[in-house]
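Trainee: Following this message is one structure expressed as structure tokens.
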Amino acid sequence: MKAARTAGFVYLAMILVAPFSLLYVPGKLIVRDNAAATAENILAHETLFRLSIFGDLIGHVIFICLSVALYRLLSSVNKHWALLMVGFVWVSAAVGFLNTLNDLAAVIFFRGADFLAMFDKAQRDALGMFFIKLHTQGIFMDEIFWGVWLLPFGWLVFRSGFLPRFLGVWLILACFGWVSLSAIAVFSPVYYEAAFRWLQPVFFAELVFMLWVLIRGANVQASPTQTV
């Protein structure tokens, strides 16, 4: 029960932090295909943008902690699958940490510096916008890992015996949802927003899992012996 509640609270922390960096700040400051307006917004609200960057980093740390908490909860079901789950999370976090450098590079170009004197303001703004867009592409790339870690996670939940099987199935569906969304972003980006809206129901799997373990917990003592 304690391991389940711990995992739930860590999940809650990640769900509270992630939307700030992924949705709120970009929606407030970034103007699509307008480098000058984006630069002006970010420089006018630089502290907010830097908080977004810091929140992004903290979110990846929480994601790593979540993988450890879930490993403690589910490793008794199958240690190999639990390690695979953790491995995918750590790769996702590594990609995310590196991707955050793109936002920092954008700030450097927008602010300007002596070593950037060879570029005029319009060029610096364009380069800053390039890194903003590169950060977005990095998120699309990371979405494949947001998906694949849910496959072992969902399978462990399904086989656990102390968590509802429907949650395991739902998490596995979310895996394929994120992977599909990543593929759409690469091959048919014009359909990305529509696909994201259509796939929303499967993405609620993690939220429902979090609420379940926070409210109901898990009777881990009833778990079966480890399976291969």
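We label chains A, B, ... in the order they appear in the structure tokens, count residues from 1 in each chain, and number ligands from 1 in the order shown.
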For A:Gly96, please output as a VMD selection string all residues within 7 Å (counting only C-alpha atoms; exclusion window: fewer than 3 positions along the same chain).
Mentor: chain A and resid 60 92 to 93 99 to 100 142
Trainee: So which residues touch A:Ala18 within 7 Å, counting only C-alpha atoms, skipping near sequence neighbours fewer than 3 positions away, as an MDAnalysis selection string?
Mentor: chainID A and resid 14:15 21:22 56 59
Trainee: Restricting the output to C-alpha atoms, write the selected residues as a CSV table (one decimal), in the first residue's frame.
Mentor:
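Output file result-v1.csv follows:
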```
chain,number,residue,atom,x,y,z
A,14,MET,CA,4.9,15.3,-12.4
A,15,ILE,CA,1.4,15.9,-13.7
A,21,SER,CA,6.5,24.0,-19.2
A,22,LEU,CA,4.8,22.1,-22.0
A,56,ASP,CA,11.2,21.2,-17.6
A,59,GLY,CA,9.9,17.4,-14.6
```
Trainee: To one decimal place in Å, what is the distance between atom CA of A:Leu74 and atom CA of A:Phe196?
Mentor: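 Between these atoms lies a distance of 29.4 Å.
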Trainee: Could you state the separation of atom CA of A:Asn102 and atom CA of A:Leu84 in Å, given to one decimal place?
Mentor: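 Between atom CA of A:Asn102 and atom CA of A:Leu84 the gap works out to 28.3 Å.
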Trainee: As an exercise, work out the distance from atom CA of A:Phe109 to atom CA of A:Val31 in Å and give it to one decimal place.
Mentor: 16.5 Å
Trainee: Would you mind listing what lies within 12 Å of A:Val208 as a compact mmCIF listing (two decimals) with N, CA and C atoms, in the first residue's frame, with only C-alpha atoms counted and same-chain residues fewer than 3 positions away left out?
Mentor:
```txt
# COMPACT_ATOMS: atom_id res chain seq x y z
N GLY A 8 1.95 7.15 -6.51
CA GLY A 8 0.86 8.07 -6.85
C GLY A 8 1.22 9.52 -6.59
N TYR A 11 3.74 10.64 -9.17
CA TYR A 11 3.00 10.85 -10.43
C TYR A 11 2.27 12.19 -10.38
N LEU A 12 1.64 12.49 -9.25
CA LEU A 12 0.90 13.74 -9.10
C LEU A 12 1.83 14.94 -9.26
N ILE A 15 2.55 15.42 -12.94
CA ILE A 15 1.39 15.91 -13.67
C ILE A 15 1.12 17.38 -13.36
N LEU A 163 -3.66 -4.70 -9.03
CA LEU A 163 -4.17 -3.50 -9.70
C LEU A 163 -5.16 -3.94 -10.77
N PRO A 164 -6.15 -3.11 -11.08
CA PRO A 164 -7.17 -3.51 -12.07
C PRO A 164 -6.56 -3.77 -13.44
N PHE A 166 -7.96 -3.47 -16.29
CA PHE A 166 -8.34 -2.49 -17.30
C PHE A 166 -7.34 -1.34 -17.35
N LEU A 167 -6.69 -1.03 -16.20
CA LEU A 167 -5.67 0.02 -16.20
C LEU A 167 -4.47 -0.41 -17.03
N GLY A 168 -4.10 -1.68 -16.94
CA GLY A 168 -2.99 -2.18 -17.73
C GLY A 168 -3.28 -2.09 -19.22
N TRP A 170 -5.41 -0.08 -20.68
CA TRP A 170 -5.49 1.35 -21.02
C TRP A 170 -4.09 1.94 -21.21
N LEU A 171 -3.17 1.59 -20.32
CA LEU A 171 -1.79 2.08 -20.42
C LEU A 171 -1.12 1.58 -21.70
N ALA A 174 -2.34 3.59 -24.48
CA ALA A 174 -1.67 4.90 -24.45
C ALA A 174 -0.28 4.82 -25.06
N PRO A 201 -8.50 10.49 -25.27
CA PRO A 201 -9.02 9.50 -24.31
C PRO A 201 -7.99 8.48 -23.85
N VAL A 202 -7.10 8.01 -24.75
CA VAL A 202 -6.13 7.00 -24.32
C VAL A 202 -5.06 7.63 -23.43
N PHE A 203 -4.80 8.93 -23.60
CA PHE A 203 -3.76 9.58 -22.81
C PHE A 203 -4.17 9.80 -21.36
N PHE A 204 -5.48 9.67 -21.06
CA PHE A 204 -5.93 9.81 -19.68
C PHE A 204 -5.60 8.59 -18.83
N ALA A 205 -5.01 7.56 -19.44
CA ALA A 205 -4.70 6.33 -18.70
C ALA A 205 -3.79 6.60 -17.50
N LEU A 211 -4.76 8.48 -9.96
CA LEU A 211 -5.88 8.65 -9.03
C LEU A 211 -6.21 7.34 -8.33
N TRP A 212 -6.12 6.23 -9.07
CA TRP A 212 -6.44 4.92 -8.47
C TRP A 212 -5.49 4.60 -7.31
N VAL A 213 -4.18 4.73 -7.55
CA VAL A 213 -3.23 4.35 -6.49
C VAL A 213 -3.24 5.36 -5.34
N LEU A 214 -3.60 6.62 -5.63
CA LEU A 214 -3.71 7.60 -4.55
C LEU A 214 -4.93 7.34 -3.68
N ILE A 215 -6.05 6.99 -4.30
CA ILE A 215 -7.30 6.83 -3.57
C ILE A 215 -7.48 5.41 -3.04
N ARG A 216 -7.21 4.43 -3.90
CA ARG A 216 -7.46 3.04 -3.54
C ARG A 216 -6.22 2.31 -3.05
```
Trainee: Considering only C-alpha atoms, return as a list of chain:residue names whatever protein or nucleic-acid residues lie within 10 Å of stretch 118-126 of chain A, sequence-local ones (same chain, fewer than 5 positions apart) excluded.
Mentor: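 Once the nearby chain positions are removed, what remains is A:Asp33, A:Asn34, A:Ala35, A:Ala36, A:Ala37, A:Thr38, A:Ala39, A:Glu40, A:Ala106, A:Val107, A:Ile108, A:Phe109, A:Phe110, A:Arg111, A:Gly112, A:Ala113, A:Phe131, A:Ile132.
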Trainee: Just write the chosen residues, C-alpha atoms, as a compact mmCIF listing (two decimals), in the first residue's frame.
Mentor:
```txt
# COMPACT_ATOMS: atom_id res chain seq x y z
CA ASP A 33 6.15 31.52 -37.32
CA ASN A 34 6.79 35.02 -35.93
CA ALA A 35 10.37 35.26 -34.67
CA ALA A 36 10.25 38.97 -33.80
CA ALA A 37 7.06 38.70 -31.73
CA THR A 38 8.32 35.56 -29.97
CA ALA A 39 11.63 37.25 -29.12
CA GLU A 40 9.79 40.29 -27.78
CA ALA A 106 17.06 30.57 -27.98
CA VAL A 107 17.37 32.90 -24.99
CA ILE A 108 21.04 33.52 -25.79
CA PHE A 109 20.21 34.53 -29.36
CA PHE A 110 17.23 36.66 -28.37
CA ARG A 111 19.26 38.56 -25.76
CA GLY A 112 22.27 39.04 -28.01
CA ALA A 113 25.90 39.29 -26.87
CA PHE A 131 16.01 26.67 -31.59
CA ILE A 132 12.47 27.11 -30.26
```
Trainee: When you look at stretch 189-192 of chain A with a cut-off of 12 Å (counting only C-alpha atoms), what residues show up, excluding the ones that are within fewer than 3 positions of it in the same chain? I need them as a list in words.
Mentor: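 The residues that qualify are Thr136, Gln137, Phe140, Gly177, Trp178, Ser180, Leu181, Ser182, Ala183, Ile184, Ala185, Val186, Ala195, Phe196, Arg197, Trp198 and Leu199 of chain A.
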Trainee: Considering only C-alpha atoms, can you say which of A:Met85, A:Val77, A:Ala4, A:Leu98 comes closest to A:Leu150?
Mentor: A:Met85
Trainee: According to DSSP computed on the backbone, where in stretch 72-226 of chain A is there helix (DSSP H, G or I)? Give the residues as number ranges by chain.
Mentor: A: 72-74, 79-111, 114-116, 121-148, 150-160, 165-187, 189-203, 205-215, 220-222
Trainee: Taking only C-alpha atoms into account, which of A:Ala117, A:Ile42, A:Leu70, A:Ile58 comes nearest A:Asp103?
Mentor: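 So, comparing all the options, the nearest one is A:Ile42.
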Trainee: Could you name the residues that touch A:Val10 at 8 Å or less, counting only C-alpha atoms, but leaving out those on the same chain fewer than 6 positions away, as JSON, numbers by chain?
Mentor: {"A": [62, 65, 66, 69]}
